[in-house]
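Chemist: Compact mmCIF, C-alpha atoms, saved as protein_28.txt, coming up:
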# COMPACT_ATOMS: atom_id res chain seq x y z
CA MET I 1 41.94 -51.10 -68.45
CA ILE I 2 43.85 -48.99 -65.90
CA ALA I 3 45.59 -52.13 -64.57
CA ARG I 4 46.83 -52.98 -68.09
CA LEU I 5 48.01 -49.43 -68.64
CA THR I 6 49.83 -49.44 -65.29
CA THR I 7 51.57 -52.71 -66.21
CA HIS I 8 52.72 -51.25 -69.54
CA VAL I 9 54.03 -48.11 -67.85
CA ILE I 10 55.95 -50.17 -65.27
CA ASN I 11 57.44 -52.38 -67.99
CA ALA I 12 58.43 -49.34 -70.05
CA ARG I 13 60.18 -47.81 -67.02
CA LEU I 14 62.05 -51.06 -66.35
CA LEU I 15 63.15 -51.25 -69.97
CA LYS I 16 64.27 -47.63 -69.94
CA SER I 17 66.20 -48.16 -66.72
CA ALA I 18 67.95 -51.26 -68.14
CA ARG I 19 69.03 -49.33 -71.23
CA GLN I 20 70.25 -46.45 -69.05
CA ALA I 21 72.30 -48.94 -67.02
CA ILE I 22 73.94 -50.21 -70.21
CA ASP I 23 74.83 -46.64 -71.14
CA ALA I 24 76.02 -45.81 -67.62
CA PHE I 25 78.48 -48.70 -67.67
CA ASP I 26 79.73 -47.67 -71.13
CA ARG I 27 78.76 -50.93 -72.84
CA SER I 28 78.46 -51.19 -76.59
CA VAL I 29 75.28 -53.21 -77.10
CA LEU I 30 72.85 -53.29 -80.03
CA ALA I 31 69.44 -54.98 -80.13
CA PHE I 32 67.78 -56.30 -83.28
CA ASP I 33 64.54 -58.05 -84.02
CA THR I 34 64.65 -61.54 -85.55
CA ASP I 35 64.43 -59.99 -89.04
CA ALA I 36 67.72 -58.13 -88.39
CA ALA I 37 66.15 -54.69 -88.02
CA LEU I 38 67.87 -52.45 -85.47
CA LEU I 39 65.60 -51.79 -82.46
CA TRP I 40 67.92 -49.85 -80.17
CA GLY I 41 71.55 -49.40 -79.24
CA SER I 42 73.58 -47.99 -76.39
CA ASP I 43 75.16 -44.59 -76.94
CA LYS I 44 78.63 -46.13 -77.15
CA ALA I 45 77.51 -48.75 -79.68
CA MET I 46 75.82 -46.19 -81.90
CA GLN I 47 78.96 -44.05 -81.78
CA MET I 48 81.12 -47.06 -82.71
CA VAL I 49 78.83 -47.92 -85.63
CA THR I 50 79.07 -44.36 -86.93
CA GLN I 51 82.85 -44.12 -86.51
CA SER I 52 83.60 -47.51 -88.04
CA GLY I 53 81.19 -47.22 -90.94
CA LEU I 54 79.66 -50.60 -90.09
CA ASP I 55 76.78 -51.21 -92.48
CA LEU I 56 73.99 -52.75 -90.40
CA ASP I 57 71.87 -53.11 -93.53
CA SER I 58 74.42 -55.10 -95.54
CA THR I 59 73.32 -58.52 -96.75
CA GLU I 60 76.34 -60.18 -95.13
CA PHE I 61 75.60 -58.68 -91.70
CA ARG I 62 71.89 -59.51 -91.90
CA MET I 63 72.67 -63.12 -92.86
CA TRP I 64 75.10 -63.42 -89.93
CA LEU I 65 72.48 -62.02 -87.56
CA ARG I 66 69.80 -64.40 -88.83
CA ASP I 67 72.22 -67.32 -88.38
CA CYS I 68 72.73 -66.23 -84.75
CA VAL I 69 69.03 -66.81 -84.07
CA GLU I 70 69.26 -70.44 -85.19
CA GLN I 71 72.40 -71.45 -83.28
CA PRO I 72 73.40 -71.72 -79.62
CA VAL I 73 75.38 -68.72 -78.35
CA SER I 74 78.53 -70.81 -77.94
CA ALA I 75 78.46 -71.90 -81.59
CA VAL I 76 78.28 -68.42 -83.13
CA SER I 77 81.50 -66.92 -84.45
CA PRO I 78 81.89 -63.14 -84.32
CA CYS I 79 81.16 -61.07 -87.40
CA LEU I 80 84.49 -59.41 -88.14
CA THR I 81 85.00 -56.12 -89.95
CA HIS I 82 88.20 -54.15 -90.47
CA SER I 83 87.84 -52.34 -87.13
CA LEU I 84 85.10 -54.13 -85.14
CA ALA I 85 84.13 -57.59 -83.98
CA VAL I 86 80.38 -58.02 -83.54
CA GLN I 87 79.69 -60.72 -80.95
CA PHE I 88 76.34 -62.42 -80.38
CA ILE I 89 75.37 -62.18 -76.69
CA GLY I 90 71.98 -63.88 -76.74
CA PHE I 91 68.36 -62.86 -76.42
CA SER I 92 66.67 -60.36 -74.15
CA ALA I 93 63.49 -61.18 -72.27
CA ALA I 94 61.62 -59.43 -75.09
CA ARG I 95 63.26 -61.81 -77.65
CA GLU I 96 65.54 -59.08 -78.97
CA VAL I 97 68.76 -60.33 -80.54
CA LEU I 98 71.59 -58.75 -78.52
CA VAL I 99 75.09 -58.17 -79.88
CA LYS I 100 78.09 -56.34 -78.50
CA LEU I 101 80.68 -54.42 -80.46
CA VAL I 102 84.35 -54.89 -79.66
CA PRO I 103 87.10 -52.81 -81.29
CA GLN I 104 89.66 -54.90 -83.15
CA ARG I 105 93.24 -54.49 -81.98
CA THR I 106 95.79 -53.79 -84.67
CA ASP I 107 98.90 -54.32 -82.53
CA SER I 108 100.33 -57.70 -81.57
CA ASN I 109 99.95 -59.31 -78.16
CA GLU I 110 103.65 -58.77 -77.54
CA ASP I 111 103.34 -55.04 -78.35
CA VAL I 112 100.48 -54.70 -75.87
CA LEU I 113 102.54 -56.38 -73.15
CA ARG I 114 105.63 -54.32 -73.99
CA SER I 115 103.84 -51.02 -73.62
CA ALA I 116 101.76 -52.08 -70.60
CA PHE I 117 104.69 -53.29 -68.50
CA ASN I 118 107.67 -51.47 -70.06
CA LEU I 119 109.28 -54.71 -71.29
CA THR I 120 111.90 -55.45 -73.91
CA ILE I 121 110.80 -57.27 -77.05
CA ARG I 122 112.19 -60.60 -75.83
CA GLU I 123 110.67 -60.18 -72.35
CA ALA I 124 107.28 -59.53 -73.94
CA GLU I 125 107.62 -62.66 -76.08
CA VAL I 126 108.50 -64.78 -73.05
CA LEU I 127 105.59 -63.32 -71.06
CA TYR I 128 103.15 -63.93 -73.93
CA TRP I 129 104.11 -67.63 -74.08
CA LEU I 130 103.77 -67.79 -70.30
CA THR I 131 100.15 -66.54 -70.59
CA LEU I 132 99.50 -69.49 -72.89
CA GLY I 133 100.54 -71.89 -70.12
CA LYS I 134 103.95 -72.82 -71.49
CA THR I 135 106.73 -74.02 -69.18
CA ASN I 136 110.21 -72.49 -69.22
CA ARG I 137 111.43 -75.50 -71.19
CA ASP I 138 108.63 -75.05 -73.78
CA ILE I 139 109.34 -71.33 -74.09
CA SER I 140 113.05 -71.96 -74.49
CA ALA I 141 112.37 -74.40 -77.35
CA ILE I 142 109.92 -72.02 -79.03
CA LEU I 143 112.27 -69.01 -78.81
CA SER I 144 115.51 -71.00 -79.37
CA GLN I 145 116.98 -69.93 -76.02
CA SER I 146 118.22 -71.84 -73.02
CA ALA I 147 115.79 -72.50 -70.18
CA ARG I 148 118.13 -70.49 -67.91
CA THR I 149 117.85 -67.44 -70.21
CA VAL I 150 114.06 -67.73 -70.18
CA ASN I 151 114.16 -67.92 -66.39
CA LYS I 152 116.27 -64.73 -66.25
CA HIS I 153 113.85 -62.96 -68.59
CA LEU I 154 110.96 -63.98 -66.34
CA GLU I 155 112.77 -62.68 -63.25
CA GLN I 156 113.06 -59.29 -64.94
CA VAL I 157 109.45 -59.42 -66.14
CA PHE I 158 108.11 -60.23 -62.68
CA GLN I 159 110.11 -57.39 -61.16
CA LYS I 160 108.80 -54.90 -63.74
CA MET I 161 105.24 -56.15 -63.23
CA GLY I 162 105.51 -56.09 -59.45
CA VAL I 163 104.50 -59.75 -59.00
CA ASP I 164 106.11 -62.61 -57.10
CA ASN I 165 105.39 -65.68 -59.24
CA ARG I 166 104.60 -66.94 -62.71
CA ARG I 167 100.90 -67.51 -62.02
CA SER I 168 100.40 -63.89 -60.90
CA GLY I 169 102.39 -62.63 -63.88
CA ALA I 170 100.44 -64.77 -66.34
CA VAL I 171 97.08 -63.71 -64.91
CA LEU I 172 97.99 -60.02 -64.92
CA ALA I 173 99.29 -60.22 -68.49
CA ASP I 174 96.25 -62.19 -69.66
CA ARG I 175 93.92 -59.61 -68.13
CA LYS I 176 95.82 -56.82 -69.85
CA LEU I 177 95.54 -58.61 -73.20
CA HIS I 178 91.82 -59.20 -72.84
CA VAL I 179 90.92 -55.80 -71.39
CA THR I 180 92.84 -54.10 -74.21
CA ALA I 181 91.07 -56.30 -76.74
CA GLN I 182 87.69 -55.19 -75.51
Turn the structure described in the file into structure tokens.
Modeler:
Amino acid sequence: MIARLTTHVINARLLKSARQAIDAFDRSVLAFDTDAALLWGSDKAMQMVTQSGLDLDSTEFRMWLRDCVEQPVSAVSPCLTHSLAVQFIGFSAAREVLVKLVPQRTDSNEDVLRSAFNLTIREAEVLYWLTLGKTNRDISAILSQSARTVNKHLEQVFQKMGVDNRRSGAVLADRKLHVTAQ
């Protein structure tokens, strides 16, 4: 009897410490049972739910959550609201359904790049297409500019970003876009 009690106490401490780690790293994670009932959530996630007005008891959300249980993680699309994207992460060891909340950006990718690197509108457009793997010739066709003009824009962009080449610029810009999105 004491051995069972000790095991339960140890497991409870491990669970508590895992949840504290989620809070310490400022992650927005919610856990549900397979019937879509909320079990627990990180402090940040609960705050985001309150601020956004996300209705965890809505029929639409519960149906989405139940569908998550039946599909592989890679096949589940996020549940989108006006201000949040709810993404299925997977299952915990205790078979809890884990989701993370991600704020939805309202500004364009180009606007994010403009403000992050102090770029002009056209420089931000060129950099955005670069992050998508486009060549100078592709970008020039897309933006109806000469390849030489695109090259000059990229020279200015790289100088403002403090990078030496297109790969470094694309990676830095891509990271900025994805960090801002989360």
Chemist: So what do you get for atom CA of Val69 of chain I versus atom CA of Thr34 of chain I, distance-wise?
Modeler: 7.0 Å
Chemist: Take atom CA of Leu132 of chain I and atom CA of Ser74 of chain I and report the distance between them in Å, one decimal.
Modeler: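 So the two atoms, atom CA of Leu132 of chain I and atom CA of Ser74 of chain I, lie 21.6 Å apart.
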Chemist: Quick check, in Å to one decimal: how far apart do atom CA of Gln104 of chain I and atom CA of Lys134 of chain I lie?
Modeler: 25.7 Å
Chemist: Need to verify the contact set: Asp174 of chain I, 10 Å, all atoms listed in the file, exclusion of same-chain residues closer than 6 positions in sequence. Can you return it as a ChimeraX atom specification?
Modeler: /I:109,113,127-128,130-132,168,180
Chemist: Using all atoms listed in the file, give me every residue within 12 Å of (97.1, -54.8, -73.9) in file coordinates, as a JSON list (two decimals) with C-alpha atoms, in the frame of the given file.
Modeler:
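Full text of result-v5.json as output:
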[["chain", "number", "residue", "atom", "x", "y", "z"],
["I", 104, "GLN", "CA", 89.66, -54.90, -83.15],
["I", 105, "ARG", "CA", 93.24, -54.49, -81.98],
["I", 106, "THR", "CA", 95.79, -53.79, -84.67],
["I", 107, "ASP", "CA", 98.90, -54.32, -82.53],
["I", 108, "SER", "CA", 100.33, -57.70, -81.57],
["I", 109, "ASN", "CA", 99.95, -59.31, -78.16],
["I", 110, "GLU", "CA", 103.65, -58.77, -77.54],
["I", 111, "ASP", "CA", 103.34, -55.04, -78.35],
["I", 112, "VAL", "CA", 100.48, -54.70, -75.87],
["I", 113, "LEU", "CA", 102.54, -56.38, -73.15],
["I", 114, "ARG", "CA", 105.63, -54.32, -73.99],
["I", 115, "SER", "CA", 103.84, -51.02, -73.62],
["I", 116, "ALA", "CA", 101.76, -52.08, -70.60],
["I", 117, "PHE", "CA", 104.69, -53.29, -68.50],
["I", 118, "ASN", "CA", 107.67, -51.47, -70.06],
["I", 124, "ALA", "CA", 107.28, -59.53, -73.94],
["I", 128, "TYR", "CA", 103.15, -63.93, -73.93],
["I", 172, "LEU", "CA", 97.99, -60.02, -64.92],
["I", 173, "ALA", "CA", 99.29, -60.22, -68.49],
["I", 174, "ASP", "CA", 96.25, -62.19, -69.66],
["I", 175, "ARG", "CA", 93.92, -59.61, -68.13],
["I", 176, "LYS", "CA", 95.82, -56.82, -69.85],
["I", 177, "LEU", "CA", 95.54, -58.61, -73.20],
["I", 178, "HIS", "CA", 91.82, -59.20, -72.84],
["I", 179, "VAL", "CA", 90.92, -55.80, -71.39],
["I", 180, "THR", "CA", 92.84, -54.10, -74.21],
["I", 181, "ALA", "CA", 91.07, -56.30, -76.74],
["I", 182, "GLN", "CA", 87.69, -55.19, -75.51]]
Chemist: Hey, could you make a per-residue contact list for segment 93-140 of chain I against segment 51-64 of chain I with 12 Å as the cut-off, showing the nearest pair of atoms and its distance in Å to one decimal, counting only C-alpha atoms, sorted by chain and number, as CSV?
Modeler:
residue,atom,partner,partner_atom,distance
I:Val97,CA,I:Trp64,CA,11.7
I:Val99,CA,I:Trp64,CA,11.3
I:Leu101,CA,I:Leu54,CA,10.4
I:Val102,CA,I:Ser52,CA,11.2
I:Pro103,CA,I:Ser52,CA,9.3
I:Gln104,CA,I:Ser52,CA,10.7
Chemist: For segment 99-116 of chain I, what centre and edge lengths in Å (one decimal) does the axis-aligned box get once 5 Å is added on each side of all its listed atoms, as JSON?
Modeler:
{"center_x": 90.4, "center_y": -55.2, "center_z": -77.6, "size_x": 40.5, "size_y": 18.3, "size_z": 24.1}
Chemist: Which residue, I:Gly90, I:Gly169, I:Pro78, I:Gly41, has the smallest gap to Leu154 of chain I when you use all atoms listed in the file?
Modeler: I:Gly169
Chemist: I'd like to know which of I:Val150, I:Ile139, I:Leu98, I:Cys79 is closest to Ser42 of chain I, using only C-alpha atoms.
Modeler: I:Leu98
Chemist: With distances taken over all atoms listed in the file, which residue among I:Val126, I:Val157, I:Ala45, I:Ala93 lies nearest Leu30 of chain I?
Modeler: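 The closest residue to Leu30 of chain I is I:Ala45.
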Chemist: Taking 2 positions as the minimum chain separation for residues in the same chain, which residues sit within 12 Å of Glu155 of chain I when counting only C-alpha atoms? Answer as a ChimeraX atom specification.
Modeler: /I:119,123,126-127,136,148-153,157-166,169
Chemist: Could you take the residues named above and write them with C-alpha atoms, as a PDB file, in the coordinates of the input?
Modeler:
ATOM      1  CA  LEU I 119     109.280 -54.710 -71.290  1.00  0.00           C
ATOM      2  CA  GLU I 123     110.670 -60.180 -72.350  1.00  0.00           C
ATOM      3  CA  VAL I 126     108.500 -64.780 -73.050  1.00  0.00           C
ATOM      4  CA  LEU I 127     105.590 -63.320 -71.060  1.00  0.00           C
ATOM      5  CA  ASN I 136     110.210 -72.490 -69.220  1.00  0.00           C
ATOM      6  CA  ARG I 148     118.130 -70.490 -67.910  1.00  0.00           C
ATOM      7  CA  THR I 149     117.850 -67.440 -70.210  1.00  0.00           C
ATOM      8  CA  VAL I 150     114.060 -67.730 -70.180  1.00  0.00           C
ATOM      9  CA  ASN I 151     114.160 -67.920 -66.390  1.00  0.00           C
ATOM     10  CA  LYS I 152     116.270 -64.730 -66.250  1.00  0.00           C
ATOM     11  CA  HIS I 153     113.850 -62.960 -68.590  1.00  0.00           C
ATOM     12  CA  VAL I 157     109.450 -59.420 -66.140  1.00  0.00           C
ATOM     13  CA  PHE I 158     108.110 -60.230 -62.680  1.00  0.00           C
ATOM     14  CA  GLN I 159     110.110 -57.390 -61.160  1.00  0.00           C
ATOM     15  CA  LYS I 160     108.800 -54.900 -63.740  1.00  0.00           C
ATOM     16  CA  MET I 161     105.240 -56.150 -63.230  1.00  0.00           C
ATOM     17  CA  GLY I 162     105.510 -56.090 -59.450  1.00  0.00           C
ATOM     18  CA  VAL I 163     104.500 -59.750 -59.000  1.00  0.00           C
ATOM     19  CA  ASP I 164     106.110 -62.610 -57.100  1.00  0.00           C
ATOM     20  CA  ASN I 165     105.390 -65.680 -59.240  1.00  0.00           C
ATOM     21  CA  ARG I 166     104.600 -66.940 -62.710  1.00  0.00           C
ATOM     22  CA  GLY I 169     102.390 -62.630 -63.880  1.00  0.00           C
TER      23      GLY I 169
END
Chemist: Please work out which residues fall within 12 Å of (71.3, -51.6, -81.4), coordinates as given in the file, with all atoms listed in the file counting, and return them as a ChimeraX atom specification.
Modeler: /I:19,22-23,27-33,36-50,56,86,88,96-101
